[in-house]
Every structure is written in C-alpha cells, then in structure tokens.
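Report on the following structure.
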Protein chains: 2
Amino acid sequence: MTTILRGNIIHAPAFGALETIPRGFLVLEDGVLKGLYPVLPEKYRSCPAMDYGEALIMPSFADLHLHAPQYPMLGMGMDLPLLEWLDTYTFRTEARFADVDYARRVYRQLAWDLISSGTTRAAIFSSRHTDATLILMEELERAGVAGYVGKVNMDRNGGAAEEGTEESLSETLRWLENCRFDLVKPILTPRFTPSCTDELMAALGKLARERDLPVQSHLSENSGEVAWVGQLHPDCSRYWESYAKFGLWKDRTLMAHCVHSDAREQDAMAEAGVWAVHCAASNVNLCSGTAPVRELLDRGVRVALGSDISGGDQLAMNRVIVMSIRASKIKQIETGAPFLSVPEAYYLGSTAGHVYFGGGAGFQPGHKLHAIVADDSQMPAPARELTLAERFERTVYLMEKRHILAVYSEGVERLHSAGQPVL
Amino acid sequence: MTTILRGNIIHAPAFGALETIPRGFLVLEDGVLKGLYPVLPEKYRSCPAMDYGEALIMPSFADLHLHAPQYPMLGMGMDLPLLEWLDTYTFRTEARFADVDYARRVYRQLAWDLISSGTTRAAIFSSRHTDATLILMEELERAGVAGYVGKVNMDRNGGAAEEGTEESLSETLRWLENCRFDLVKPILTPRFTPSCTDELMAALGKLARERDLPVQSHLSENSGEVAWVGQLHPDCSRYWESYAKFGLWKDRTLMAHCVHSDAREQDAMAEAGVWAVHCAASNVNLCSGTAPVRELLDRGVRVALGSDISGGDQLAMNRVIVMSIRASKIKQIETGAPFLSVPEAYYLGSTAGHVYFGGGAGFQPGHKLHAIVADDSQMPAPARELTLAERFERTVYLMEKRHILAVYSEGVERLHSAGQPVL
C-alpha cells in the first residue's frame with residue numbers, strides 16, 4: 001500500500017548537514033520510505049495522501065540511555081549528592097518494580113510519554129525484575145517504541161535493588177526466553193562495573209558472545225566512580241578495561257556518559273566500535289561534569305544522546321538536544337572545543353540513534369519511517385518570513401507535546417493530532 | 001470581599017527556606033492576603049471558597065530581565081556569535097516595532113504567554129519606539145502582568161535600532177507623559193554603555209534623579225564587552241563606573257548578567273543597592289559564561305532571575321530556575337561554590353523579584369496575591385507518597401503550561417484551567 005505525506009521536510013542525513021524540501025512529499029510503501037520529492041511524480045498522484053500543510057516533517061528522536069524504573073522519580077532528589085540520591089531515590093524506587101501491577105501502570109505511562117514526545121527508538125535499562133522487564137517491553141511494543149531493553153544485572157553494591165549472582169544469571173536466561181517482541185529486542189545490561197562481580201561479568205560476556213547479544217552499561221561518569229573501579233580492578237589501567245576483559249567491550253556496545261574518558265579510553269572506543277551515549281542534563285544535574293563530545297567525535301567515536309532519566313530530568317529529546325548544545329558551549333568556554341551546532345546536536349539525538357538500530361540516516365529511502373510532524377504556527381509571530389532552517393531551530397528549542405501533530409514509528413502512525421495513542 | 005483558596009500551599013519566604021501547609025487556606029480580602037491557615041478560622045467558614053484539591057498553590061514567578069521586541073526571534077540564531085546575532089536578528093527584529101500593528105500582535109501574544117506561564121511581574125526592555133512601548137504596557141496591563149517597562153535609549157552602535165540623541169530624549173519625555181497605567185510603570189533603560197553617548201547617559205541620569213525613576217541596563221555580560229567599555233571610558237577602572245558617573249548606579253537599579261563582575265564591582269553593587277539579574281540560559285547560549293551567583297549573594301548583592309529572551313530561549317521561569325541550578329552546578333564543578341538548591345533558586349525566580357517590586361516575601365499577609373495553582377496529578381506515578389517538598393521540586397523541574405490551573409496577579413485571577421485569559 002502506497003501512502004503520501006506532504007509538508008515541510010527537514011532532516012539531517014549526515015553529521016552537521018541539514019536538508020530541507022519546502023512543501024515536499026514523502027512516499028511510503030507499507031511504511032517503508034520509497035522516496036522524497038519536491039514535486040510528486042505522476043504515478044503517485046492517485047495515492048492516498050496526508051497533507052500537513054505548513055507543518056514540519058522531521059525524523060523522530062532516538063533516546064539511547066534511560067532508566068525506565070526511575071521514571072517515577074523524574075525531577076526529584078536533584079539537590080542530593082550522588083550516593084544519597086541513589087540510596088534515597090534510585091534503589092528504593094527500582095525495588096518497587098517487584099510489583100507487576102505497579103510496573104504495568106508506570107511503564108504504560110512512560111511508553112506513552114515517549115511516543116507523544118516524539119521518541120520512537122530507545123535503549124532502555126529496566127530494573128533487575130524479569131517480569132517487570134517483560135511488561136516494559138510489552139508496553140513499548142504496544143505504544144510503538146522500538147529498540148532495546150535490558151533486564152539489569154547487579155549482584156553487589158545495589159542496596160534494595162540487588163540480586164544474587166546465580167539468580168541474576170538464571171533470571172537473565174528466563175527473561176531472554178520470554179523476549180518475543182517485534183519492535184523491542186533484548187540487550188545485556190550489567191549496571192556498571194561496581195555493581196557486578198567478576199563471576200557475573202564473565203557469564204554475561206559469555207552470553208553476549210554465544211547469543212550475539214548487544215551490551216549496554218555506564219562508563220566514566222564521575223571521578224569518584226572512576227577511582228572506585230580502579231580499586232576494584234587494579235589490573236585495569238582504564239575503566240573500559242573492566243568491561244573488555246569480560247568480553248563486554250565490542251562492536252555496538254553502548255556506554256553511557258564517558259565524561260571522564262581520556263584520549264586512550266576514547267581511542268579504545270573508536271577501535272572497538274563502542275558507542276558513547278552523551279547525557280548532558282544528567283551529567284550537569286549530578287555534578288559529574290561536561291563530556292568531551294567534540295573530542296570523542298574527532299577521534300572517530302560514534303556518539304548518540306540519552307535522556308538518562310532520572311539523573312536527567314527531561315524525557316523530551318528536543319530538550320536533551322538543547323541541553324547538549326548548552327553543555328558543549330560550557331565546554332567551549334573551558335577548552336575552546338567548538339560547540340555543537342543545532343544540526344549537529346539534532347543529528348546526535350535523532351539520526352545517530354536510528355542508525356545505531358539499523359535505521360536510515362535521516363529520511364533515507366529503504367527504511368521504515370520514523371518521523372514527527374510539528375506545528376509551529378502558534379509560536380511567536382516572526383518579524384519576517386522564516387527559512388525552514390530557522391523554523392527547524394526554533395522547533396528544536398521550543399517544541400512541547402502540544403506542537404506535535406503526528407508521530408510515525410516503524411512506518412506506522414502512532415500518535416495523531418487529537419493527542420491520543422493509535423493502538 | 002473575602003475569598004478563600006484551598007490547596008497544598010508552598011512558598012519560599014526567605015532565601016533557602018521552604019514552608020508548606022498541606023491542604024491549607026489562603027484568605028484574601030479584595031485580593032490582599034490576610035492570612036494562611038492550616039485550619040480555616042470559624043469566622044471565614046461562610047465565605048466563598050475555591051478548593052483546588054490536591055493541587056499546589058505557590059507564589060508566581062517574576063522575570064526581571066527580558067527584551068519584549070526579541071520575542072519574535074525566540075529560539076533562533078543560537079548558533080551565531082554575539083555580534084552576528086545582534087546584526088542578523090536582534091536589531092532588525094527590533095526595528096520592526098516601528099509598525100504599531102505588528103507591535104500590538106506580538107505584544108498581545110507575549111503578555112498572554114507570560115501570564116499563562118505563571119509570570120506575573122516583570123522588568124522589561126522594549127525597543128526605542130515610544131508608541132510600541134506604550135502598546136506593550138497596555139497589553140501587559142490588559143493581561144495582568146505587573147512591573148516595569150522601559151523604552152530603550154540607544155544613540156550609537158545600534159544599527160537599524162539606533163536613534164539620535166535629541167530624539168532619544170524627547171521621545172523618552174513623550175513616553176513618560178503617556179505612561180498612565182495601574183500595574184505597569186516606567187523604568188529608564190539605557191541599553192548598555194556602548195549604545196549610549198555620554199550626553200544621553202548624563203541626561204538620563206538627570207531624569208532618573210529629578211523624577212525618581214528606576215533604571216535598568218546590562219553589566220559585564222561578556223569579556224569583549226567589558227574590554228570595549230574600558231576603551232570607551234578609559235577613566236573607569238570597572239564597567240559599573242560608566243553608569244555611576246552619570247547617576248544611573250543607585251538603589252534598585254537592575255543590572256542584567258554580571259557574569260564577569262569581579263569582587264570590587266560586586267561590592268559596589270551591594271553598597272549602592274544595585275540588583276544583579278542572573279540570566280543563566282542566555283549566558284550559556286551566547287557563550288558568555290556562568291555568573292558568580294553564590295559569590296554575589298555572599299557579598300550581599302540582591303539577586304533575581306531573568307529569562308533574557310531572546311538571548312535566553314525559555315520564557316517559562318520554572319525553566320529559567322532549573323537552568324540557574326544547572327549553571328550553579330557547572331560553577332561548583334569549576335570553583336567549588338555550592339550550587340543553588342531548588343528552594344534557593346525558586347526564591348530568586350519568585351520571591352526576590354516580587355520583593356523588588358514591593359511585594360511580599362512568599363505568601364506574606366498584607367500584599368496582593370501573586371500565585372499559581374499547579375496540578376501535578378498527571379506527572380509520573382510515584383513509587384510512594386511524596387512530600388510536598390518533593391512535589392514542589394518535581395513541579396519546578398517538569399511544569400509546562402498544561403499543568404497550570406490558575407494564575408493570580410495583583411490579587412485577581414487572570415487565568416483559569418480552561419486555558420483562557422480572564423480579561
């Protein structure tokens with residue numbers, strides 16, 4: 001079935017590039033993008049079309065690091081030091097997900113919040129609870145959020161959220177057996193080096209290799225943590241080696257933060273094909289610092305963005321993009337490294353993540369459509385006619401849910417302007 | 001006429017303090033707060049009451065620095081260096097306000113945006129245009145935003161936005177003659193030292209003294225500007241002296257930014273009673289730096305917050321408060337100065353500004369009510385019962401317009417949950 005979408009098309013097919021087609025056409029066949037056209041080819045003129053008028057059609061967002069069971073504590077505890085924050089909020093909140101009814105309620109709300117904010121792909125940490133993790137995957141699938149979800153593994157230093165080593169492994173196997181979803185796939189998720197015994201790490205590394213599973217974790221978020229890892233693994237000269245020695249440091253491994261990754265750690269990422277997930281809001285909220293994003297990119301490390309709720313307080317990825325720009329401006333003041341432009345930061349918060357999951361670079365034909373349609377007509381009355389690039393920038397800075405007319409995920413419309421999910 | 005409001009009352013009567021009254025009562029007489037009560041006194045039990053249930057009743061916001069004619073460029077040009085931004089966007093946009101119809105349209109939208117975001121008091125820069133400035137004051141008055149507005153004076157280095165010295169003065173007098181508003185009063189507004197000749201500055205200083213008018217301007221925003229002022233006024237060892245020598249540095253003078261104010265400039269502020277207006281988002285957007293807010297406060301300088309649109313991209317003051325917290329965390333990483341807690345930053349973005357205009361410190365009896373009513377019931381389902389302080393923090397971090405049920409300004413309800421202005 002062929003369908004046509006019309007509107008002001010804007011996308012970032014490459015880092016720093018921005019392409020626009022005023023009042024252009026997207027042609028879809030069964031949800032797969034066949035082409036972009038300034039003028040609709042003759043052969044499509046009888047196909048059903050959705051004309052979004054002057055609205056902007058842009059690739060949707062991809063959030064490559066968030067903690068689903070921390071959603072209930074969004075925007076709270078931000079004045080606490082990291083360890084107190086973990087103890088008072090994080091571990092206690094995560095422990096609540098032993099209750100599957102509570103999990104269902106929270107994860108349904110989260111999945112809907114993601115899709116209605118324009119996030120259609122994500123890499124997500126669940127808690128240690130197998131059943132709640134499967135519920136999370138179900139709810140994401142139901143709302144149309146694609147990507148990876150990981151049952152968290154943590155058999156030490158986890159307070160109320162901790163599990164035994166054997167239980168961690170057997171529950172991981174039970175979870176993997178029950179992962180039968182179209183849009184949402186499993187990713188192995190050792191919380192971070194200090195939460196996992198060597199035994200657990202080794203077993204997860206083996207599992208990753210045997211079943212060719214992707215891996216996500218945390219790396220070099222703050223200096224105290226880096227020092228702690230050094231004590232736990234005196235044989236490792238850098239934090240990353242504590243993952244590498246167990247086979248968890250490999251192509252497409254996602255490592256959140258990398259605030260304190262030095263040149264050697266960055267080179268190790270580039271070499272292995274490990275991705276850095278930059279979480280600017282979280283890194284500032286928790287006083288971790290500002291990540292060396294420009295340096296990572298210059299060294300050939302693949303970078304994407306994460307909301308990192310609830311260290312981050314913003315689920316909406318356009319806000320995360322803006323916060324990444326701000327963090328890069330702080331970094332520029334400190335080090336002179338050029339800040340992220342709007343197209344660059346948008347690329348990291350959209351295209352980069354889609355490409356991570358095998359999607360297209362911008363609106364690339366051959367891939368299922370992931371897009372949002374944004375109506376900026378109620379934004380401040382401009383002083384002159386704006387270019388599409390200006391309207392795009394303003395939309396990245398100012399967009400709230402009420403501006404989003406439609407969201408397409410995996411080629412299917414999941415939200416339309418009435419503000420209700422398409423289920 | 002006595003009216004009663006009921007809800008979860010939260011306010012910050014002093015810097016760093018947060019007081020809460022669960023399901024308490026605010027008693028108003030003709031819009032003036034008479035008292036706060038955990039239990040309603042007998043004598044008021046027959047008065048008309050508005051019960052907001054579990055919603056939060058908090059003091060509204062005060063925005064002590066924004067450029068009204070830059071509203072049309074909100075969220076645009078953020079990738080440009082300061083001078084190019086001024087030339088491409090700012091001065092050209094401001095020049096459009098020679099058109100009174102355009103001014104009416106933009107200022108009506110802005111006034112409504114302010115009140116519906118919970119900002120009920122503001123100190124605002126207009127453009128140089130007398131008629132547009134009067135329209136701005138009219139529209140603010142109509143929407144219920146109280147405070148100060150200034151016709152901008154700039155007779156040099158202003159591109160398309162510039163005016164002649166004599167014209168600047170005669171138009172200032174014409175503007176002052178026509179300022180007949182209840183809620184909105186005039187404030188003298190030399191744009192900043194590089195925009196004003198000595199002759200103009202001297203005449204404005206004389207006017208400030210003769211008519212006892214308040215003054216607002218910019219101070220030490222970025223290092224290039226500080227150096228420029230040094231060249232223009234070689235007799236001044238600090239930027240502030242270029243205002244002081246013309247009588248513009250006085251009690252209640254508002255100075256935006258103060259990013260690069262050193263200890264001596266800060267002491268001069270404290271001594272004279274000059275207020276610093278901290279504009280965190282703008283300072284980061286324009287790569288100006290992070291202001292030494294903790295140091296200013298420790299030296300006894302009065303500090304309030306400003307959105308500084310459109311150097312700032314956020315009109316909603318809860319976002320400005322959050323950005324101030326983030327900037328202070330960056331500053332803590334750099335210098336060790338303790339970051340602003342949520343109650344502290346909220347005080348600066350709410351109470352401090354109200355007190356500047358003669359209002360009460362928090363919900364202080366004897367003053368007209370300035371309040372918002374926020375409904376947080378649609379925020380993420382919490383893992384346990386939250387304290388009011390936690391709900392307050394979450395509201396500061398997450399609140400969007402759709403969460404605001406009502407706004408009271410000068411004792412009058414200006415917006416209610418239907419989302420329409422009460423005019």
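As shown in the structure tokens, the chain order sets the letters A, B, ...; within each chain, residues go from 1, and ligands are also counted from 1 in the order they appear.
The shell of residues at most 6 Å from stretch 161-169 of chain B, with only C-alpha atoms counted and near chain neighbours (fewer than 4 positions) removed, consists of B:Phe91, B:Ala95, B:Asn153, B:Met154, B:Asp155.
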May I have the selected residues written with all heavy atoms, as a PDB file, in the first residue's frame?
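The resulting file, out.pdb, is reproduced below:
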ATOM      1  N   PHE B  91      18.774  43.559  16.068  1.00  0.00           N
ATOM      2  CA  PHE B  91      18.497  44.934  15.667  1.00  0.00           C
ATOM      3  C   PHE B  91      17.440  44.986  14.568  1.00  0.00           C
ATOM      4  O   PHE B  91      16.563  45.845  14.568  1.00  0.00           O
ATOM      5  CB  PHE B  91      19.790  45.648  15.250  1.00  0.00           C
ATOM      6  CG  PHE B  91      20.732  45.871  16.410  1.00  0.00           C
ATOM      7  CD1 PHE B  91      22.109  45.905  16.216  1.00  0.00           C
ATOM      8  CD2 PHE B  91      20.252  46.044  17.700  1.00  0.00           C
ATOM      9  CE1 PHE B  91      22.979  46.116  17.285  1.00  0.00           C
ATOM     10  CE2 PHE B  91      21.118  46.248  18.784  1.00  0.00           C
ATOM     11  CZ  PHE B  91      22.485  46.278  18.565  1.00  0.00           C
ATOM     12  N   ALA B  95      13.747  46.691  14.937  1.00  0.00           N
ATOM     13  CA  ALA B  95      13.363  47.772  14.018  1.00  0.00           C
ATOM     14  C   ALA B  95      11.911  47.607  13.525  1.00  0.00           C
ATOM     15  O   ALA B  95      11.243  48.593  13.189  1.00  0.00           O
ATOM     16  CB  ALA B  95      14.327  47.826  12.835  1.00  0.00           C
ATOM     17  N   ASN B 153      16.883  53.381  25.246  1.00  0.00           N
ATOM     18  CA  ASN B 153      17.665  54.510  24.720  1.00  0.00           C
ATOM     19  C   ASN B 153      18.960  53.970  24.130  1.00  0.00           C
ATOM     20  O   ASN B 153      19.700  53.240  24.799  1.00  0.00           O
ATOM     21  CB  ASN B 153      18.013  55.491  25.848  1.00  0.00           C
ATOM     22  CG  ASN B 153      16.775  56.092  26.480  1.00  0.00           C
ATOM     23  OD1 ASN B 153      16.365  55.689  27.571  1.00  0.00           O
ATOM     24  ND2 ASN B 153      16.154  57.045  25.784  1.00  0.00           N
ATOM     25  N   MET B 154      19.214  54.359  22.868  1.00  0.00           N
ATOM     26  CA  MET B 154      20.467  53.924  22.223  1.00  0.00           C
ATOM     27  C   MET B 154      20.770  54.862  21.061  1.00  0.00           C
ATOM     28  O   MET B 154      20.098  54.831  20.044  1.00  0.00           O
ATOM     29  CB  MET B 154      20.373  52.470  21.736  1.00  0.00           C
ATOM     30  CG  MET B 154      19.176  52.113  20.925  1.00  0.00           C
ATOM     31  SD  MET B 154      19.044  50.332  20.579  1.00  0.00           S
ATOM     32  CE  MET B 154      20.681  49.904  20.072  1.00  0.00           C
ATOM     33  N   ASP B 155      21.769  55.689  21.241  1.00  0.00           N
ATOM     34  CA  ASP B 155      22.084  56.659  20.190  1.00  0.00           C
ATOM     35  C   ASP B 155      23.453  56.408  19.555  1.00  0.00           C
ATOM     36  O   ASP B 155      24.004  57.283  18.885  1.00  0.00           O
ATOM     37  CB  ASP B 155      21.977  58.095  20.743  1.00  0.00           C
ATOM     38  CG  ASP B 155      23.004  58.399  21.811  1.00  0.00           C
ATOM     39  OD1 ASP B 155      23.615  57.437  22.354  1.00  0.00           O
ATOM     40  OD2 ASP B 155      23.203  59.587  22.117  1.00  0.00           O
TER      41      ASP B 155
END
Inset, instruction - Taking only C-alpha atoms into account, report as an MDAnalysis selection string which residues of chain A lie within 8 Å of chain B. - result: chainID A and resid 71:77 79 93 96 105:106 109:110 284:285 287 289 313:314 326 329:330 332:333 341:342 380:383 390:391 393:395 397:398
Legend entry - Near-A:Ile10 list (10 Å; only C-alpha atoms; drop same-chain fewer than 6 positions) as a list in words: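 These residues fall inside the cut-off: Leu18, Glu19, Thr20, Ile21, Pro22, Gly24, Leu56, Ile57, Met58, Pro59, Gly362, Phe363, Leu388, Ala389, Arg391 and Phe392 of chain A.
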Those same residues, written as a compact mmCIF listing (two decimals), in the first residue's frame with N, CA and C atoms?
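The resulting file, selection_3.txt, is reproduced below:
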# COMPACT_ATOMS: atom_id res chain seq x y z
N LEU A 18 22.04 19.62 7.01
CA LEU A 18 20.60 19.79 7.18
C LEU A 18 20.01 19.97 5.79
N GLU A 19 19.08 19.11 5.43
CA GLU A 19 18.44 19.22 4.12
C GLU A 19 16.97 19.55 4.30
N THR A 20 16.48 20.43 3.44
CA THR A 20 15.08 20.83 3.55
C THR A 20 14.41 20.72 2.18
N ILE A 21 13.15 20.30 2.19
CA ILE A 21 12.33 20.32 0.97
C ILE A 21 11.02 21.02 1.32
N PRO A 22 10.87 22.27 0.88
CA PRO A 22 9.65 23.01 1.22
C PRO A 22 8.43 22.33 0.60
N GLY A 24 7.30 19.45 0.50
CA GLY A 24 7.68 18.28 -0.28
C GLY A 24 6.83 17.06 0.03
N LEU A 56 6.09 21.02 9.93
CA LEU A 56 7.41 20.46 9.65
C LEU A 56 7.37 18.94 9.82
N ILE A 57 7.91 18.22 8.85
CA ILE A 57 8.06 16.76 8.97
C ILE A 57 9.55 16.47 9.16
N MET A 58 9.88 15.94 10.32
CA MET A 58 11.28 15.72 10.69
C MET A 58 11.46 14.29 11.20
N PRO A 59 12.65 13.72 11.08
CA PRO A 59 12.89 12.42 11.72
C PRO A 59 12.62 12.50 13.22
N GLY A 362 18.69 9.98 8.45
CA GLY A 362 17.68 10.96 8.03
C GLY A 362 16.57 10.21 7.30
N PHE A 363 15.93 10.88 6.35
CA PHE A 363 14.87 10.22 5.58
C PHE A 363 15.50 9.46 4.42
N LEU A 388 13.19 27.55 6.43
CA LEU A 388 12.89 26.27 7.08
C LEU A 388 13.95 25.92 8.13
N ALA A 389 15.19 26.30 7.86
CA ALA A 389 16.25 26.03 8.84
C ALA A 389 15.99 26.80 10.14
N ARG A 391 12.98 27.78 11.20
CA ARG A 391 11.82 27.17 11.84
C ARG A 391 12.20 25.85 12.52
N PHE A 392 13.12 25.14 11.89
CA PHE A 392 13.62 23.90 12.48
C PHE A 392 14.33 24.19 13.80
Could you give me, as a CSV table (one decimal) with C-alpha atoms, in the first residue's frame, each residue of stretch 210-313 of chain A that DSSP assigns to alpha helix (DSSP H) when run on this structure's backbone?
chain,number,residue,atom,x,y,z
A,210,GLU,CA,27.3,-17.1,22.4
A,211,ARG,CA,24.0,-15.4,21.5
A,223,SER,CA,35.6,10.9,39.1
A,224,GLY,CA,34.7,9.1,42.3
A,225,GLU,CA,33.3,6.2,40.3
A,226,VAL,CA,36.4,6.0,38.1
A,227,ALA,CA,38.6,5.8,41.2
A,228,TRP,CA,36.4,3.1,42.6
A,229,VAL,CA,36.6,1.0,39.5
A,230,GLY,CA,40.4,1.4,39.7
A,231,GLN,CA,40.3,-0.1,43.3
A,232,LEU,CA,38.0,-2.9,42.2
A,241,GLU,CA,39.3,-2.5,30.5
A,242,SER,CA,37.0,-3.7,33.3
A,243,TYR,CA,34.4,-4.4,30.6
A,244,ALA,CA,36.9,-5.5,27.9
A,263,ALA,CA,42.2,10.0,25.0
A,264,ARG,CA,43.2,6.4,25.4
A,265,GLU,CA,39.8,5.3,26.6
A,266,GLN,CA,38.3,7.3,23.7
A,267,ASP,CA,40.6,5.6,21.2
A,268,ALA,CA,39.6,2.2,22.6
A,269,MET,CA,36.0,3.0,22.0
A,270,ALA,CA,36.7,4.0,18.4
A,271,GLU,CA,38.7,0.9,17.8
A,272,ALA,CA,36.2,-1.5,19.2
A,280,ALA,CA,24.2,16.3,29.2
A,281,ALA,CA,21.3,17.1,31.5
A,282,SER,CA,22.1,14.2,33.8
A,283,ASN,CA,25.8,15.0,33.9
A,284,VAL,CA,25.1,18.6,35.0
A,285,ASN,CA,22.3,17.6,37.4
A,293,VAL,CA,31.7,15.3,22.9
A,294,ARG,CA,33.7,17.1,20.2
A,295,GLU,CA,36.8,15.3,21.2
A,296,LEU,CA,35.0,11.9,21.1
A,297,LEU,CA,33.7,12.7,17.6
A,298,ASP,CA,37.1,13.9,16.4
Inset, instruction - Write out as number ranges by chain each polymer residue whose atoms come within 8 Å of stretch 137-148 of chain A, counting only C-alpha atoms; drop sequence neighbours fewer than 3 positions from it. - result: A: 104, 107-108, 111-112, 114-115, 119-124, 133-134, 181-187, 357, 409-410, 414, 421-423
